[in-house]
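**Q** One structure, pasted below without further comment.
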Amino acid sequence: MVDRFRGDAPVLVIGLGRFGAACAGELDRLEREVLAIDGNLELVQKWSERVTHTVQADARNIDALKQIGAQDFQVAVVAVGSLIEASVLITANLVDLKVPQIWAKAVSQSHGKILARVGANHVIYPEREAGERVAHLVSGRMLDFIRFDDDFVLAKMYPPKLIRGIGLNESGVRSKYNVTVVGVKSPGRAFRYAEANTVVTNHDLIIVSGTNSDIERFAALDR
């Protein structure tokens, strides 16, 4: 049995569509051992040279999962999101095999609720999250945007004119706008964490944190 507390434990990825393949490929790039499985032989062959191990198997069949040793994995990703019935059945199989951490892709809120009820530890909504992120980026106010639990956001942007050329404590970013400048990236220099006396210039990029509404208001300030 794989040690449940190892941070570098192998990962089982089920489904080699765009989401699953991207996940498996990135894990492999991060030097995590990956076993990726799919019922489609063409997809398995396509990814056989890019992922540590690929196997053709029907994960809806718990005996097939046992044969490939799914019960020995600490982490599994169920990337078969568009086939709702299959994703639920596969997740239930992994629960029965007592896989400690199960990440499952959902295509809707109701789908996600079912996955959580059958035992998925983490439910992922990649299309919804990507859509939200793009909406913020196309507004032209932010260069990057990540939403965490509930309403907490990290965003990369150019600093509004109101805070340029003076220390962050003097500009009153946190007290006036209820956001925190986490770090600053100046051209040709390494990223640095922001301090009370940090001065941002016209050429800097800043990383800010706060609620979604506060970040939006801050990003919309006169530039």
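Please note that chains go A, B, ... in the order of the structure tokens, that every chain numbers its residues from 1, and that ligands are numbered from 1 in the order shown.
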Using only C-alpha atoms, what table do you get, as a tab-separated table, when you list each residue of range 84-176 of chain A with an atom no more than 9 Å from range 59-80 of chain A, its nearest pair of atoms, and their distance in Å rounded to one decimal, rows by chain then rising number?
**A**
residue	atom	partner	partner_atom	distance
A:Ile84	CA	A:Val80	CA	7.6
A:Ala86	CA	A:Arg60	CA	6.3
A:Ser87	CA	A:Val80	CA	5.4
A:Leu89	CA	A:Arg60	CA	5.9
A:Ile90	CA	A:Arg60	CA	5.1
A:Thr91	CA	A:Val78	CA	6.8
A:Asn93	CA	A:Ile62	CA	5.7
A:Leu94	CA	A:Gln71	CA	7.5
A:Asp96	CA	A:Ile62	CA	8.6
A:Leu97	CA	A:Gln71	CA	5.1
A:Lys98	CA	A:Gln71	CA	6.6
A:Val99	CA	A:Gln74	CA	5.8
A:Pro100	CA	A:Gln74	CA	5.5
A:Gln101	CA	A:Val75	CA	4.7
A:Ile102	CA	A:Ala76	CA	5.0
A:Trp103	CA	A:Val77	CA	4.7
A:Ala104	CA	A:Val78	CA	4.5
A:Lys105	CA	A:Ala79	CA	5.4
A:Ala106	CA	A:Val80	CA	8.5
**Q** As a ChimeraX atom specification, please: every residue in range 14-206 of chain A that a backbone DSSP assignment puts in strand (DSSP E or B).
**A** /A:14,34-38,53-56,75-78,101-105,122-124,144-147,152-157,164,167,180-185,192-193,199-200,205-206
**Q** What separation in Å, quoted to one decimal, exists between CA of Val13 in chain A and CA of Arg117 in chain A?
**A**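 One can read the CA of Val13 in chain A to CA of Arg117 in chain A distance as 20.5 Å.
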**Q** For a test of reading the model, state the distance in Å between CA of Ser48 in chain A and CA of Val88 in chain A, rounded to one decimal.
**A**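 According to the coordinates, CA of Ser48 in chain A and CA of Val88 in chain A are separated by 25.9 Å.
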**Q** Rank A:Val173, A:Cys23, A:Val181, A:Leu205 by their smallest atom-to-atom distance to Val153 in chain A, using only C-alpha atoms, and report the top residue only.
**A**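 Nearest candidate to Val153 in chain A out of A:Val173, A:Cys23, A:Val181, A:Leu205: A:Val181.
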**Q** Per DSSP on the backbone, what are the alpha helix (DSSP H) residues of range 73-211 of chain A, as a PyMOL selection string?
**A** chain A and resi 84-96+109-118+126-138+168-171+173-177
**Q** Just write the chosen residues, C-alpha atoms, as an mmCIF file, in the first residue's frame.
**A**
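Written output follows (again.cif):
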data_model
loop_
_atom_site.group_PDB
_atom_site.id
_atom_site.type_symbol
_atom_site.label_atom_id
_atom_site.label_comp_id
_atom_site.auth_asym_id
_atom_site.auth_seq_id
_atom_site.Cartn_x
_atom_site.Cartn_y
_atom_site.Cartn_z
ATOM 1 C CA ILE A 84 -21.833 11.690 -15.930
ATOM 2 C CA GLU A 85 -22.966 8.149 -15.195
ATOM 3 C CA ALA A 86 -19.466 6.797 -15.839
ATOM 4 C CA SER A 87 -17.779 9.435 -13.664
ATOM 5 C CA VAL A 88 -20.116 8.679 -10.743
ATOM 6 C CA LEU A 89 -19.604 4.929 -11.077
ATOM 7 C CA ILE A 90 -15.819 5.289 -11.325
ATOM 8 C CA THR A 91 -15.756 7.556 -8.272
ATOM 9 C CA ALA A 92 -17.855 5.040 -6.332
ATOM 10 C CA ASN A 93 -15.453 2.262 -7.358
ATOM 11 C CA LEU A 94 -12.484 4.257 -6.061
ATOM 12 C CA VAL A 95 -14.322 4.856 -2.781
ATOM 13 C CA ASP A 96 -14.962 1.124 -2.481
ATOM 14 C CA GLN A 109 -23.522 21.769 -9.870
ATOM 15 C CA SER A 110 -25.873 18.788 -9.616
ATOM 16 C CA HIS A 111 -23.213 16.481 -11.030
ATOM 17 C CA GLY A 112 -20.765 17.813 -8.451
ATOM 18 C CA LYS A 113 -23.209 17.192 -5.606
ATOM 19 C CA ILE A 114 -23.612 13.577 -6.659
ATOM 20 C CA LEU A 115 -19.855 13.095 -6.858
ATOM 21 C CA ALA A 116 -19.428 14.564 -3.386
ATOM 22 C CA ARG A 117 -22.174 12.348 -1.994
ATOM 23 C CA VAL A 118 -20.643 9.160 -3.349
ATOM 24 C CA PRO A 126 -12.783 23.312 -14.903
ATOM 25 C CA GLU A 127 -15.116 24.800 -17.517
ATOM 26 C CA ARG A 128 -16.884 27.071 -15.020
ATOM 27 C CA GLU A 129 -13.637 28.166 -13.398
ATOM 28 C CA ALA A 130 -12.019 28.835 -16.765
ATOM 29 C CA GLY A 131 -15.053 30.837 -17.855
ATOM 30 C CA GLU A 132 -14.972 32.991 -14.730
ATOM 31 C CA ARG A 133 -11.246 33.594 -15.136
ATOM 32 C CA VAL A 134 -11.570 34.598 -18.790
ATOM 33 C CA ALA A 135 -14.432 36.966 -17.967
ATOM 34 C CA HIS A 136 -12.177 38.864 -15.576
ATOM 35 C CA LEU A 137 -9.272 38.902 -18.009
ATOM 36 C CA VAL A 138 -11.220 40.139 -21.030
ATOM 37 C CA LEU A 168 1.864 51.332 0.340
ATOM 38 C CA ASN A 169 1.310 52.497 3.920
ATOM 39 C CA GLU A 170 0.954 56.083 2.712
ATOM 40 C CA SER A 171 -1.436 55.153 -0.080
ATOM 41 C CA VAL A 173 -4.376 50.471 0.068
ATOM 42 C CA ARG A 174 -5.679 48.139 2.749
ATOM 43 C CA SER A 175 -7.693 50.675 4.746
ATOM 44 C CA LYS A 176 -9.191 52.509 1.748
ATOM 45 C CA TYR A 177 -9.757 49.691 -0.703
#
**Q** Fewer than 5 positions away in the same chain doesn't count, so skip those; otherwise give me all residues within 9 Å of Arg32 in chain A, counting only C-alpha atoms, as an MDAnalysis selection string.
**A** chainID A and resid 8:11 26:27 52
**Q** Between CA of Ile37 in chain A and CA of Leu16 in chain A, what distance in Å does the model show, to one decimal?
**A**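 Computed distance, CA of Ile37 in chain A to CA of Leu16 in chain A, equals 7.0 Å.
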**Q** For Pro160 in chain A, work out the shell of residues within 12 Å, counting only C-alpha atoms and skipping chain neighbours fewer than 6 positions away, then give it as a ChimeraX atom specification.
**A** /A:141-142,166,171,173,177,181,200-206,208,215-223
**Q** Go through A:Gln45, A:Thr198, A:Ser82, A:Ser209 one by one, measure the shortest atom-to-atom distance of each to Met157 in chain A using only C-alpha atoms, and give the residue with the smallest value.
**A** A:Ser209
**Q** Taking into account only C-alpha atoms, which residue in the set A:Ser108, A:Pro187, A:Glu49, A:Asp144 is nearest to Asp28 in chain A?
**A**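 The closest residue to Asp28 in chain A is A:Glu49.
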**Q** Nearest residue to Ala194 in chain A out of A:Gly15, A:Gly81, A:Gly167, A:Gly119, using only C-alpha atoms?
**A** A:Gly167
